[in-house]
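Engineer: query-v7.cif is reproduced below (mmCIF, N, CA and C atoms).
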data_data
#
loop_
_atom_site.label_atom_id
_atom_site.label_comp_id
_atom_site.auth_asym_id
_atom_site.auth_seq_id
_atom_site.Cartn_x
_atom_site.Cartn_y
_atom_site.Cartn_z
N MET Q 1 -42.68 9.97 46.12
CA MET Q 1 -42.36 10.33 44.76
C MET Q 1 -40.88 10.66 44.63
N PHE Q 2 -40.33 11.39 45.60
CA PHE Q 2 -38.92 11.76 45.56
C PHE Q 2 -38.03 10.51 45.54
N ARG Q 3 -38.39 9.47 46.40
CA ARG Q 3 -37.62 8.23 46.43
C ARG Q 3 -37.66 7.54 45.06
N PHE Q 4 -38.77 7.58 44.38
CA PHE Q 4 -38.89 6.96 43.06
C PHE Q 4 -37.96 7.64 42.06
N LEU Q 5 -37.86 8.96 42.08
CA LEU Q 5 -36.97 9.69 41.18
C LEU Q 5 -35.51 9.39 41.47
N VAL Q 6 -35.16 9.29 42.76
CA VAL Q 6 -33.78 8.98 43.14
C VAL Q 6 -33.43 7.57 42.67
N MET Q 7 -34.34 6.60 42.85
CA MET Q 7 -34.10 5.22 42.40
C MET Q 7 -33.96 5.17 40.89
N ALA Q 8 -34.81 5.86 40.16
CA ALA Q 8 -34.77 5.86 38.71
C ALA Q 8 -33.45 6.47 38.22
N ALA Q 9 -33.00 7.56 38.87
CA ALA Q 9 -31.73 8.18 38.49
C ALA Q 9 -30.56 7.24 38.75
N ALA Q 10 -30.56 6.55 39.87
CA ALA Q 10 -29.49 5.61 40.22
C ALA Q 10 -29.42 4.47 39.21
N ILE Q 11 -30.55 3.95 38.82
CA ILE Q 11 -30.59 2.86 37.83
C ILE Q 11 -30.10 3.37 36.48
N ALA Q 12 -30.54 4.55 36.10
CA ALA Q 12 -30.13 5.11 34.81
C ALA Q 12 -28.63 5.35 34.77
N LEU Q 13 -28.06 5.87 35.85
CA LEU Q 13 -26.62 6.12 35.89
C LEU Q 13 -25.81 4.83 35.87
N SER Q 14 -26.30 3.80 36.53
CA SER Q 14 -25.54 2.55 36.58
C SER Q 14 -25.59 1.79 35.25
N THR Q 15 -26.61 1.95 34.45
CA THR Q 15 -26.69 1.25 33.16
C THR Q 15 -26.23 2.13 32.01
N GLY Q 16 -26.08 3.40 32.21
CA GLY Q 16 -25.67 4.32 31.15
C GLY Q 16 -24.32 3.98 30.57
N HIS Q 17 -23.35 3.57 31.42
CA HIS Q 17 -22.00 3.24 30.94
C HIS Q 17 -22.05 2.05 29.99
N ALA Q 18 -22.78 1.02 30.33
CA ALA Q 18 -22.88 -0.17 29.48
C ALA Q 18 -23.56 0.17 28.16
N LEU Q 19 -24.59 0.98 28.21
CA LEU Q 19 -25.29 1.34 27.00
C LEU Q 19 -24.45 2.24 26.11
N ALA Q 20 -23.68 3.13 26.71
CA ALA Q 20 -22.86 4.05 25.94
C ALA Q 20 -21.79 3.32 25.14
N ASN Q 21 -21.25 2.22 25.68
CA ASN Q 21 -20.22 1.47 24.97
C ASN Q 21 -20.80 0.53 23.94
N GLY Q 22 -22.08 0.36 23.92
CA GLY Q 22 -22.70 -0.50 22.94
C GLY Q 22 -22.64 -1.97 23.30
N HIS Q 23 -22.17 -2.28 24.48
CA HIS Q 23 -22.15 -3.67 24.93
C HIS Q 23 -22.22 -3.68 26.44
N GLY Q 24 -22.64 -4.77 27.00
CA GLY Q 24 -22.81 -4.84 28.44
C GLY Q 24 -21.56 -5.30 29.15
N GLY Q 25 -21.58 -5.23 30.45
CA GLY Q 25 -20.46 -5.71 31.26
C GLY Q 25 -19.27 -4.78 31.23
N ASP Q 26 -18.19 -5.27 31.83
CA ASP Q 26 -16.97 -4.48 31.91
C ASP Q 26 -15.95 -4.87 30.84
N ALA Q 27 -16.35 -5.65 29.86
CA ALA Q 27 -15.42 -6.06 28.81
C ALA Q 27 -14.99 -4.84 28.00
N PRO Q 28 -13.71 -4.79 27.62
CA PRO Q 28 -13.25 -3.65 26.82
C PRO Q 28 -13.87 -3.70 25.42
N PRO Q 29 -13.96 -2.54 24.77
CA PRO Q 29 -14.51 -2.53 23.41
C PRO Q 29 -13.59 -3.30 22.46
N PRO Q 30 -14.10 -3.79 21.34
CA PRO Q 30 -13.26 -4.54 20.41
C PRO Q 30 -12.16 -3.63 19.85
N PRO Q 31 -11.00 -4.21 19.53
CA PRO Q 31 -9.90 -3.37 19.01
C PRO Q 31 -10.24 -2.82 17.63
N LYS Q 32 -9.72 -1.62 17.38
CA LYS Q 32 -9.92 -1.01 16.08
C LYS Q 32 -8.94 -1.64 15.10
N PRO Q 33 -9.35 -1.85 13.84
CA PRO Q 33 -8.40 -2.41 12.87
C PRO Q 33 -7.26 -1.43 12.63
N GLU Q 34 -6.05 -1.99 12.44
CA GLU Q 34 -4.88 -1.14 12.20
C GLU Q 34 -4.96 -0.54 10.80
N ALA Q 35 -4.61 0.72 10.71
CA ALA Q 35 -4.59 1.37 9.41
C ALA Q 35 -3.33 0.94 8.67
N THR Q 36 -3.50 0.50 7.44
CA THR Q 36 -2.37 0.10 6.63
C THR Q 36 -2.04 1.22 5.67
N THR Q 37 -0.78 1.55 5.58
CA THR Q 37 -0.35 2.62 4.71
C THR Q 37 0.03 2.06 3.35
N ALA Q 38 -0.41 2.71 2.30
CA ALA Q 38 -0.04 2.29 0.95
C ALA Q 38 1.46 2.50 0.77
N PRO Q 39 2.12 1.66 -0.02
CA PRO Q 39 3.57 1.76 -0.21
C PRO Q 39 3.98 2.84 -1.20
N ALA Q 40 3.02 3.49 -1.82
CA ALA Q 40 3.32 4.50 -2.83
C ALA Q 40 2.23 5.56 -2.83
N LYS Q 41 2.51 6.62 -3.57
CA LYS Q 41 1.53 7.70 -3.68
C LYS Q 41 1.54 8.23 -5.11
N VAL Q 42 0.54 9.01 -5.43
CA VAL Q 42 0.42 9.60 -6.77
C VAL Q 42 0.91 11.04 -6.70
N VAL Q 43 1.74 11.42 -7.68
CA VAL Q 43 2.14 12.82 -7.81
C VAL Q 43 1.77 13.28 -9.22
N LEU Q 44 1.47 14.56 -9.34
CA LEU Q 44 1.13 15.12 -10.64
C LEU Q 44 2.37 15.73 -11.27
N THR Q 45 2.62 15.39 -12.54
CA THR Q 45 3.75 15.92 -13.29
C THR Q 45 3.23 16.55 -14.58
N LYS Q 46 4.12 17.16 -15.34
CA LYS Q 46 3.74 17.73 -16.63
C LYS Q 46 3.24 16.65 -17.58
N GLN Q 47 3.75 15.43 -17.41
CA GLN Q 47 3.35 14.31 -18.26
C GLN Q 47 2.11 13.59 -17.73
N GLY Q 48 1.57 14.05 -16.64
CA GLY Q 48 0.40 13.41 -16.04
C GLY Q 48 0.75 12.78 -14.70
N PRO Q 49 -0.22 12.15 -14.06
CA PRO Q 49 0.04 11.54 -12.75
C PRO Q 49 0.94 10.31 -12.87
N LYS Q 50 1.77 10.10 -11.85
CA LYS Q 50 2.62 8.91 -11.81
C LYS Q 50 2.74 8.43 -10.37
N LEU Q 51 3.12 7.18 -10.22
CA LEU Q 51 3.32 6.61 -8.89
C LEU Q 51 4.77 6.80 -8.46
N VAL Q 52 4.93 7.15 -7.20
CA VAL Q 52 6.27 7.27 -6.61
C VAL Q 52 6.25 6.53 -5.27
N ASP Q 53 7.42 6.08 -4.84
CA ASP Q 53 7.48 5.44 -3.52
C ASP Q 53 7.38 6.50 -2.44
N LEU Q 54 7.44 6.11 -1.21
CA LEU Q 54 7.25 7.07 -0.11
C LEU Q 54 8.40 8.06 0.02
N LYS Q 55 9.52 7.81 -0.69
CA LYS Q 55 10.64 8.76 -0.72
C LYS Q 55 10.55 9.69 -1.92
N GLY Q 56 9.54 9.49 -2.77
CA GLY Q 56 9.36 10.35 -3.94
C GLY Q 56 10.03 9.83 -5.20
N MET Q 57 10.60 8.62 -5.15
CA MET Q 57 11.29 8.06 -6.33
C MET Q 57 10.27 7.44 -7.28
N THR Q 58 10.46 7.68 -8.56
CA THR Q 58 9.55 7.18 -9.59
C THR Q 58 9.49 5.66 -9.57
N LEU Q 59 8.28 5.13 -9.74
CA LEU Q 59 8.08 3.68 -9.81
C LEU Q 59 7.81 3.27 -11.25
N TYR Q 60 8.29 2.07 -11.59
CA TYR Q 60 8.16 1.53 -12.94
C TYR Q 60 7.54 0.15 -12.90
N TYR Q 61 7.04 -0.30 -14.05
CA TYR Q 61 6.62 -1.69 -14.19
C TYR Q 61 7.25 -2.25 -15.46
N TYR Q 62 7.38 -3.56 -15.49
CA TYR Q 62 8.00 -4.30 -16.59
C TYR Q 62 6.89 -4.89 -17.44
N GLU Q 63 6.92 -4.66 -18.74
CA GLU Q 63 5.85 -5.14 -19.61
C GLU Q 63 5.71 -6.66 -19.60
N ARG Q 64 6.78 -7.37 -19.29
CA ARG Q 64 6.71 -8.84 -19.27
C ARG Q 64 6.07 -9.39 -17.99
N ASP Q 65 5.83 -8.53 -17.00
CA ASP Q 65 5.14 -8.95 -15.78
C ASP Q 65 3.63 -8.89 -16.05
N THR Q 66 3.07 -10.01 -16.45
CA THR Q 66 1.67 -10.01 -16.85
C THR Q 66 0.77 -10.91 -16.02
N THR Q 67 1.34 -11.82 -15.22
CA THR Q 67 0.50 -12.77 -14.50
C THR Q 67 -0.10 -12.18 -13.24
N GLY Q 68 0.54 -11.19 -12.65
CA GLY Q 68 0.06 -10.62 -11.40
C GLY Q 68 0.44 -11.41 -10.18
N LYS Q 69 1.18 -12.51 -10.37
CA LYS Q 69 1.55 -13.35 -9.24
C LYS Q 69 3.06 -13.42 -9.02
N THR Q 70 3.83 -13.14 -10.04
CA THR Q 70 5.28 -13.23 -9.94
C THR Q 70 5.92 -12.10 -10.71
N SER Q 71 7.22 -11.93 -10.46
CA SER Q 71 8.01 -10.95 -11.18
C SER Q 71 8.89 -11.68 -12.19
N ASN Q 72 9.02 -11.13 -13.38
CA ASN Q 72 9.93 -11.68 -14.39
C ASN Q 72 11.28 -11.01 -14.35
N CYS Q 73 11.48 -10.12 -13.40
CA CYS Q 73 12.78 -9.46 -13.21
C CYS Q 73 13.44 -10.11 -12.00
N ASN Q 74 14.40 -11.00 -12.26
CA ASN Q 74 15.09 -11.73 -11.20
C ASN Q 74 16.59 -11.70 -11.44
N GLY Q 75 17.36 -12.09 -10.42
CA GLY Q 75 18.81 -12.18 -10.56
C GLY Q 75 19.44 -10.86 -10.94
N LYS Q 76 20.19 -10.86 -12.07
CA LYS Q 76 20.90 -9.65 -12.52
C LYS Q 76 19.94 -8.50 -12.82
N CYS Q 77 18.75 -8.83 -13.24
CA CYS Q 77 17.76 -7.79 -13.56
C CYS Q 77 17.50 -6.89 -12.36
N THR Q 78 17.52 -7.46 -11.16
CA THR Q 78 17.21 -6.66 -9.97
C THR Q 78 18.36 -5.71 -9.59
N GLU Q 79 19.50 -5.82 -10.29
CA GLU Q 79 20.57 -4.84 -10.08
C GLU Q 79 20.25 -3.55 -10.83
N SER Q 80 19.55 -3.67 -11.95
CA SER Q 80 19.17 -2.50 -12.74
C SER Q 80 17.78 -1.99 -12.38
N TRP Q 81 16.94 -2.87 -11.86
CA TRP Q 81 15.57 -2.52 -11.50
C TRP Q 81 15.31 -3.07 -10.11
N VAL Q 82 15.24 -2.20 -9.14
CA VAL Q 82 15.13 -2.60 -7.74
C VAL Q 82 13.65 -2.80 -7.38
N PRO Q 83 13.27 -4.03 -6.99
CA PRO Q 83 11.88 -4.27 -6.61
C PRO Q 83 11.48 -3.39 -5.41
N LEU Q 84 10.25 -2.93 -5.40
CA LEU Q 84 9.72 -2.17 -4.27
C LEU Q 84 9.41 -3.18 -3.17
N ALA Q 85 10.32 -3.29 -2.23
CA ALA Q 85 10.27 -4.33 -1.21
C ALA Q 85 9.07 -4.17 -0.28
N ALA Q 86 8.51 -5.31 0.10
CA ALA Q 86 7.42 -5.37 1.07
C ALA Q 86 7.92 -6.20 2.25
N THR Q 87 7.44 -5.89 3.44
CA THR Q 87 7.82 -6.67 4.61
C THR Q 87 7.16 -8.04 4.55
N ALA Q 88 7.67 -8.97 5.33
CA ALA Q 88 7.14 -10.34 5.34
C ALA Q 88 5.67 -10.38 5.74
N ASP Q 89 5.24 -9.43 6.58
CA ASP Q 89 3.85 -9.44 7.04
C ASP Q 89 2.97 -8.41 6.32
N ALA Q 90 3.45 -7.86 5.21
CA ALA Q 90 2.69 -6.85 4.47
C ALA Q 90 1.40 -7.46 3.92
N ARG Q 91 0.36 -6.66 3.90
CA ARG Q 91 -0.96 -7.08 3.41
C ARG Q 91 -1.42 -6.10 2.33
N ALA Q 92 -2.23 -6.58 1.43
CA ALA Q 92 -2.76 -5.75 0.35
C ALA Q 92 -3.53 -4.57 0.93
N VAL Q 93 -3.43 -3.43 0.25
CA VAL Q 93 -4.16 -2.24 0.65
C VAL Q 93 -4.59 -1.51 -0.62
N GLY Q 94 -5.90 -1.37 -0.81
CA GLY Q 94 -6.41 -0.72 -2.01
C GLY Q 94 -5.99 -1.47 -3.27
N ASP Q 95 -5.41 -0.76 -4.23
CA ASP Q 95 -4.94 -1.37 -5.48
C ASP Q 95 -3.55 -1.98 -5.35
N PHE Q 96 -2.95 -1.91 -4.18
CA PHE Q 96 -1.61 -2.46 -3.98
C PHE Q 96 -1.70 -3.87 -3.40
N THR Q 97 -0.97 -4.79 -4.03
CA THR Q 97 -0.93 -6.17 -3.58
C THR Q 97 0.51 -6.56 -3.31
N VAL Q 98 0.68 -7.68 -2.63
CA VAL Q 98 2.01 -8.19 -2.31
C VAL Q 98 2.22 -9.48 -3.09
N ILE Q 99 3.36 -9.59 -3.77
CA ILE Q 99 3.67 -10.81 -4.50
C ILE Q 99 4.99 -11.38 -4.00
N ASN Q 100 5.20 -12.67 -4.24
CA ASN Q 100 6.43 -13.34 -3.84
C ASN Q 100 7.45 -13.28 -4.96
N CYS Q 101 8.70 -13.05 -4.58
CA CYS Q 101 9.80 -13.04 -5.55
C CYS Q 101 10.46 -14.42 -5.56
N ASN Q 102 11.24 -14.70 -6.61
CA ASN Q 102 11.92 -15.99 -6.73
C ASN Q 102 12.87 -16.26 -5.57
N ASP Q 103 13.46 -15.20 -4.99
CA ASP Q 103 14.41 -15.39 -3.89
C ASP Q 103 13.73 -15.54 -2.53
N GLY Q 104 12.40 -15.57 -2.51
CA GLY Q 104 11.66 -15.73 -1.27
C GLY Q 104 11.23 -14.44 -0.61
N SER Q 105 11.73 -13.31 -1.09
CA SER Q 105 11.33 -12.02 -0.54
C SER Q 105 9.97 -11.64 -1.12
N LYS Q 106 9.44 -10.52 -0.65
CA LYS Q 106 8.15 -10.03 -1.13
C LYS Q 106 8.32 -8.64 -1.70
N MET Q 107 7.45 -8.31 -2.65
CA MET Q 107 7.49 -6.97 -3.24
C MET Q 107 6.07 -6.49 -3.49
N TRP Q 108 5.95 -5.18 -3.66
CA TRP Q 108 4.65 -4.56 -3.90
C TRP Q 108 4.33 -4.55 -5.39
N ALA Q 109 3.05 -4.66 -5.68
CA ALA Q 109 2.54 -4.56 -7.04
C ALA Q 109 1.36 -3.59 -7.02
N TYR Q 110 1.17 -2.90 -8.13
CA TYR Q 110 0.02 -2.01 -8.28
C TYR Q 110 -0.89 -2.60 -9.34
N ARG Q 111 -2.12 -2.88 -8.94
CA ARG Q 111 -3.07 -3.55 -9.83
C ARG Q 111 -2.42 -4.79 -10.44
N TYR Q 112 -1.74 -5.52 -9.60
CA TYR Q 112 -1.09 -6.79 -9.91
C TYR Q 112 0.12 -6.67 -10.83
N ARG Q 113 0.64 -5.47 -11.01
CA ARG Q 113 1.88 -5.29 -11.77
C ARG Q 113 2.99 -4.97 -10.77
N PRO Q 114 4.03 -5.82 -10.69
CA PRO Q 114 5.14 -5.56 -9.76
C PRO Q 114 5.76 -4.18 -10.01
N LEU Q 115 6.16 -3.53 -8.92
CA LEU Q 115 6.72 -2.17 -8.99
C LEU Q 115 8.22 -2.18 -8.69
N TYR Q 116 8.94 -1.33 -9.40
CA TYR Q 116 10.40 -1.25 -9.27
C TYR Q 116 10.83 0.22 -9.26
N THR Q 117 12.01 0.46 -8.68
CA THR Q 117 12.67 1.76 -8.82
C THR Q 117 13.89 1.55 -9.70
N SER Q 118 14.46 2.63 -10.17
CA SER Q 118 15.64 2.55 -11.03
C SER Q 118 16.82 3.27 -10.40
N PRO Q 119 18.00 2.63 -10.35
CA PRO Q 119 19.20 3.31 -9.87
C PRO Q 119 19.58 4.52 -10.73
N ALA Q 120 19.05 4.59 -11.97
CA ALA Q 120 19.33 5.73 -12.84
C ALA Q 120 18.68 7.00 -12.31
N ASP Q 121 17.67 6.87 -11.46
CA ASP Q 121 17.03 8.03 -10.85
C ASP Q 121 17.78 8.38 -9.58
N LYS Q 122 18.35 9.56 -9.55
CA LYS Q 122 19.20 9.96 -8.41
C LYS Q 122 18.46 10.79 -7.37
N ALA Q 123 17.39 11.45 -7.76
CA ALA Q 123 16.67 12.33 -6.84
C ALA Q 123 15.17 12.13 -7.01
N PRO Q 124 14.40 12.45 -5.98
CA PRO Q 124 12.94 12.34 -6.11
C PRO Q 124 12.44 13.10 -7.33
N GLY Q 125 11.56 12.47 -8.08
CA GLY Q 125 11.01 13.11 -9.27
C GLY Q 125 11.72 12.73 -10.56
N ASP Q 126 12.98 12.25 -10.48
CA ASP Q 126 13.69 11.82 -11.69
C ASP Q 126 12.93 10.69 -12.35
N ALA Q 127 13.01 10.62 -13.68
CA ALA Q 127 12.38 9.53 -14.43
C ALA Q 127 13.30 9.12 -15.57
N ASN Q 128 14.51 8.69 -15.20
CA ASN Q 128 15.51 8.31 -16.18
C ASN Q 128 15.52 6.81 -16.45
N GLY Q 129 14.80 6.05 -15.67
CA GLY Q 129 14.88 4.60 -15.73
C GLY Q 129 14.45 3.99 -17.04
N ASN Q 130 13.45 4.56 -17.69
CA ASN Q 130 12.98 3.92 -18.91
C ASN Q 130 13.64 4.48 -20.16
N ALA Q 131 14.73 5.22 -20.00
CA ALA Q 131 15.41 5.82 -21.15
C ALA Q 131 16.20 4.78 -21.95
N THR Q 132 16.58 3.65 -21.33
CA THR Q 132 17.44 2.69 -22.01
C THR Q 132 16.69 1.55 -22.68
N THR Q 133 15.47 1.29 -22.28
CA THR Q 133 14.72 0.18 -22.86
C THR Q 133 13.24 0.53 -22.94
N LEU Q 134 12.60 0.00 -23.93
CA LEU Q 134 11.19 0.30 -24.11
C LEU Q 134 10.29 -0.69 -23.39
N GLN Q 135 10.87 -1.69 -22.72
CA GLN Q 135 10.07 -2.68 -22.02
C GLN Q 135 9.66 -2.23 -20.62
N TRP Q 136 10.17 -1.10 -20.19
CA TRP Q 136 9.86 -0.57 -18.86
C TRP Q 136 9.04 0.69 -19.00
N ARG Q 137 8.04 0.82 -18.17
CA ARG Q 137 7.14 1.97 -18.23
C ARG Q 137 7.01 2.61 -16.85
N ILE Q 138 6.78 3.90 -16.84
CA ILE Q 138 6.47 4.59 -15.58
C ILE Q 138 5.10 4.12 -15.12
N ALA Q 139 5.01 3.77 -13.87
CA ALA Q 139 3.73 3.31 -13.31
C ALA Q 139 2.80 4.50 -13.12
N ARG Q 140 1.61 4.37 -13.66
CA ARG Q 140 0.63 5.44 -13.58
C ARG Q 140 -0.67 4.89 -13.01
N PRO Q 141 -1.42 5.72 -12.27
CA PRO Q 141 -2.66 5.26 -11.65
C PRO Q 141 -3.84 5.25 -12.61
N GLU Q 142 -3.68 4.62 -13.76
CA GLU Q 142 -4.73 4.61 -14.77
C GLU Q 142 -5.32 3.23 -14.91
#
Write out the structure in this file as structure tokens.
Structural biologist:
Amino acid sequence: MFRFLVMAAAIALSTGHALANGHGGDAPPPPKPEATTAPAKVVLTKQGPKLVDLKGMTLYYYERDTTGKTSNCNGKCTESWVPLAATADARAVGDFTVINCNDGSKMWAYRYRPLYTSPADKAPGDANGNATTLQWRIARPE
């Protein structure tokens, strides 16, 4: 009887590792998917929630950007409204998507609306960008 218990324990210990990993053999477990960080975050202000980039700068959208696939702010426009740049290998995360710009670069969009910062905003939290034209709006998570 003692030999039977020793054999059973040896078998259990040798198969326990394979069972614990959820797969047999010595193959490594599958890689975990990489966590993608959103390019912006929501902050609460007196005027309600708004989107800011990771440095805290207010984000805007252009009312003429309606297709969700391209930006209508190109050339000289990008001197006044800086696109929220995305890396070449950026992938969509949550409500944030990546769109192609006319110059071949990529930029972030929120719910398919391209996002921009304004040089008129000098410090995190400033929202001076839409003071000069009514075609630009503060991006809000609504």
Engineer: Expand the PyMOL selection byres ((chain Q and resi 108) around 8) into the individual residues it matches in the shown file, reporting them as a list in words.
Structural biologist: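 Applying the PyMOL selection byres ((chain Q and resi 108) around 8) to the structure shown produces Pro39, Pro83, Leu84, Ala85, Ala86, Thr87, Phe96, Thr97, Val98, Ile99, Asn100, Lys106, Met107, Ala109, Tyr110, Arg111, Tyr112, Arg113, Pro114, Leu115 and Tyr116 of chain Q.
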Engineer: Can I get the selected residues back with N, CA and C atoms, as an mmCIF file, keeping the file's coordinate frame?
Structural biologist:
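So again_12.cif came out as:
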data_model
loop_
_atom_site.group_PDB
_atom_site.id
_atom_site.type_symbol
_atom_site.label_atom_id
_atom_site.label_comp_id
_atom_site.auth_asym_id
_atom_site.auth_seq_id
_atom_site.Cartn_x
_atom_site.Cartn_y
_atom_site.Cartn_z
ATOM 1 N N PRO Q 39 2.120 1.660 -0.020
ATOM 2 C CA PRO Q 39 3.570 1.760 -0.210
ATOM 3 C C PRO Q 39 3.980 2.840 -1.200
ATOM 4 N N PRO Q 83 13.270 -4.030 -6.990
ATOM 5 C CA PRO Q 83 11.880 -4.270 -6.610
ATOM 6 C C PRO Q 83 11.480 -3.390 -5.410
ATOM 7 N N LEU Q 84 10.250 -2.930 -5.400
ATOM 8 C CA LEU Q 84 9.720 -2.170 -4.270
ATOM 9 C C LEU Q 84 9.410 -3.180 -3.170
ATOM 10 N N ALA Q 85 10.320 -3.290 -2.230
ATOM 11 C CA ALA Q 85 10.270 -4.330 -1.210
ATOM 12 C C ALA Q 85 9.070 -4.170 -0.280
ATOM 13 N N ALA Q 86 8.510 -5.310 0.100
ATOM 14 C CA ALA Q 86 7.420 -5.370 1.070
ATOM 15 C C ALA Q 86 7.920 -6.200 2.250
ATOM 16 N N THR Q 87 7.440 -5.890 3.440
ATOM 17 C CA THR Q 87 7.820 -6.670 4.610
ATOM 18 C C THR Q 87 7.160 -8.040 4.550
ATOM 19 N N PHE Q 96 -2.950 -1.910 -4.180
ATOM 20 C CA PHE Q 96 -1.610 -2.460 -3.980
ATOM 21 C C PHE Q 96 -1.700 -3.870 -3.400
ATOM 22 N N THR Q 97 -0.970 -4.790 -4.030
ATOM 23 C CA THR Q 97 -0.930 -6.170 -3.580
ATOM 24 C C THR Q 97 0.510 -6.560 -3.310
ATOM 25 N N VAL Q 98 0.680 -7.680 -2.630
ATOM 26 C CA VAL Q 98 2.010 -8.190 -2.310
ATOM 27 C C VAL Q 98 2.220 -9.480 -3.090
ATOM 28 N N ILE Q 99 3.360 -9.590 -3.770
ATOM 29 C CA ILE Q 99 3.670 -10.810 -4.500
ATOM 30 C C ILE Q 99 4.990 -11.380 -4.000
ATOM 31 N N ASN Q 100 5.200 -12.670 -4.240
ATOM 32 C CA ASN Q 100 6.430 -13.340 -3.840
ATOM 33 C C ASN Q 100 7.450 -13.280 -4.960
ATOM 34 N N LYS Q 106 9.440 -10.520 -0.650
ATOM 35 C CA LYS Q 106 8.150 -10.030 -1.130
ATOM 36 C C LYS Q 106 8.320 -8.640 -1.700
ATOM 37 N N MET Q 107 7.450 -8.310 -2.650
ATOM 38 C CA MET Q 107 7.490 -6.970 -3.240
ATOM 39 C C MET Q 107 6.070 -6.490 -3.490
ATOM 40 N N ALA Q 109 3.050 -4.660 -5.680
ATOM 41 C CA ALA Q 109 2.540 -4.560 -7.040
ATOM 42 C C ALA Q 109 1.360 -3.590 -7.020
ATOM 43 N N TYR Q 110 1.170 -2.900 -8.130
ATOM 44 C CA TYR Q 110 0.020 -2.010 -8.280
ATOM 45 C C TYR Q 110 -0.890 -2.600 -9.340
ATOM 46 N N ARG Q 111 -2.120 -2.880 -8.940
ATOM 47 C CA ARG Q 111 -3.070 -3.550 -9.830
ATOM 48 C C ARG Q 111 -2.420 -4.790 -10.440
ATOM 49 N N TYR Q 112 -1.740 -5.520 -9.600
ATOM 50 C CA TYR Q 112 -1.090 -6.790 -9.910
ATOM 51 C C TYR Q 112 0.120 -6.670 -10.830
ATOM 52 N N ARG Q 113 0.640 -5.470 -11.010
ATOM 53 C CA ARG Q 113 1.880 -5.290 -11.770
ATOM 54 C C ARG Q 113 2.990 -4.970 -10.770
ATOM 55 N N PRO Q 114 4.030 -5.820 -10.690
ATOM 56 C CA PRO Q 114 5.140 -5.560 -9.760
ATOM 57 C C PRO Q 114 5.760 -4.180 -10.010
ATOM 58 N N LEU Q 115 6.160 -3.530 -8.920
ATOM 59 C CA LEU Q 115 6.720 -2.170 -8.990
ATOM 60 C C LEU Q 115 8.220 -2.180 -8.690
ATOM 61 N N TYR Q 116 8.940 -1.330 -9.400
ATOM 62 C CA TYR Q 116 10.400 -1.250 -9.270
ATOM 63 C C TYR Q 116 10.830 0.220 -9.260
#
Engineer: Restricting the calculation to all atoms listed in the file: of Q:Thr117, Q:Thr66, Q:Asn128, Q:Asn74, which residue gets closest to Asp103 of chain Q?
Structural biologist: Q:Asn74
Engineer: Considering only N, CA and C atoms, state which residue in the set Q:Tyr62, Q:Glu79, Q:Gly56, Q:Leu44 is at the smallest distance from Asp126 of chain Q.
Structural biologist: Q:Gly56
Engineer: Would you mind reading off the distance between atom CA of Cys77 of chain Q and atom CA of Pro119 of chain Q, one decimal, in Å?
Structural biologist: 11.8 Å
Engineer: Please, what distance in Å, to one decimal, runs between atom CA of Val43 of chain Q and atom N of Ser80 of chain Q?
Structural biologist: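 Distance reported for this atom pair: 24.3 Å.
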Engineer: What does the structure give for the distance between atom C of Lys46 of chain Q and atom N of Val93 of chain Q, in Å to one decimal?
Structural biologist: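 Atom-to-atom, atom C of Lys46 of chain Q to atom N of Val93 of chain Q, that is 27.7 Å.
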Engineer: Compare Q:Pro124, Q:Gly129, Q:Pro49, Q:Gly94 by their minimum atom-to-atom distance to Pro141 of chain Q, counting only N, CA and C atoms, and give me the closest one.
Structural biologist: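 The closest residue to Pro141 of chain Q is Q:Pro49.
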Engineer: What lies within 8 Å of Arg64 of chain Q using all atoms listed in the file, ignoring chain neighbours under 3 positions off, as a list of chain:residue names?
Structural biologist: Q:Tyr61, Q:Thr67, Q:Gly68, Q:Thr70, Q:Ser71, Q:Asn72, Q:Cys73, Q:Gln135, Q:Trp136
Engineer: Could you spell out the hits of the PyMOL selection byres ((chain Q and resi 52) around 6.5) on the shown file, as JSON, numbers by chain?
Structural biologist: {"Q": [39, 40, 41, 42, 43, 50, 51, 53, 54, 55, 56, 57, 58, 59]}
Engineer: With N, CA and C atoms retained, export the selected residues as a short mmCIF file (atom, residue, chain, number, x, y, z; two decimals), keeping the file's coordinate frame.
Structural biologist:
data_model
loop_
_atom_site.label_atom_id
_atom_site.label_comp_id
_atom_site.auth_asym_id
_atom_site.auth_seq_id
_atom_site.Cartn_x
_atom_site.Cartn_y
_atom_site.Cartn_z
N PRO Q 39 2.12 1.66 -0.02
CA PRO Q 39 3.57 1.76 -0.21
C PRO Q 39 3.98 2.84 -1.20
N ALA Q 40 3.02 3.49 -1.82
CA ALA Q 40 3.32 4.50 -2.83
C ALA Q 40 2.23 5.56 -2.83
N LYS Q 41 2.51 6.62 -3.57
CA LYS Q 41 1.53 7.70 -3.68
C LYS Q 41 1.54 8.23 -5.11
N VAL Q 42 0.54 9.01 -5.43
CA VAL Q 42 0.42 9.60 -6.77
C VAL Q 42 0.91 11.04 -6.70
N VAL Q 43 1.74 11.42 -7.68
CA VAL Q 43 2.14 12.82 -7.81
C VAL Q 43 1.77 13.28 -9.22
N LYS Q 50 1.77 10.10 -11.85
CA LYS Q 50 2.62 8.91 -11.81
C LYS Q 50 2.74 8.43 -10.37
N LEU Q 51 3.12 7.18 -10.22
CA LEU Q 51 3.32 6.61 -8.89
C LEU Q 51 4.77 6.80 -8.46
N ASP Q 53 7.42 6.08 -4.84
CA ASP Q 53 7.48 5.44 -3.52
C ASP Q 53 7.38 6.50 -2.44
N LEU Q 54 7.44 6.11 -1.21
CA LEU Q 54 7.25 7.07 -0.11
C LEU Q 54 8.40 8.06 0.02
N LYS Q 55 9.52 7.81 -0.69
CA LYS Q 55 10.64 8.76 -0.72
C LYS Q 55 10.55 9.69 -1.92
N GLY Q 56 9.54 9.49 -2.77
CA GLY Q 56 9.36 10.35 -3.94
C GLY Q 56 10.03 9.83 -5.20
N MET Q 57 10.60 8.62 -5.15
CA MET Q 57 11.29 8.06 -6.33
C MET Q 57 10.27 7.44 -7.28
N THR Q 58 10.46 7.68 -8.56
CA THR Q 58 9.55 7.18 -9.59
C THR Q 58 9.49 5.66 -9.57
N LEU Q 59 8.28 5.13 -9.74
CA LEU Q 59 8.08 3.68 -9.81
C LEU Q 59 7.81 3.27 -11.25
#
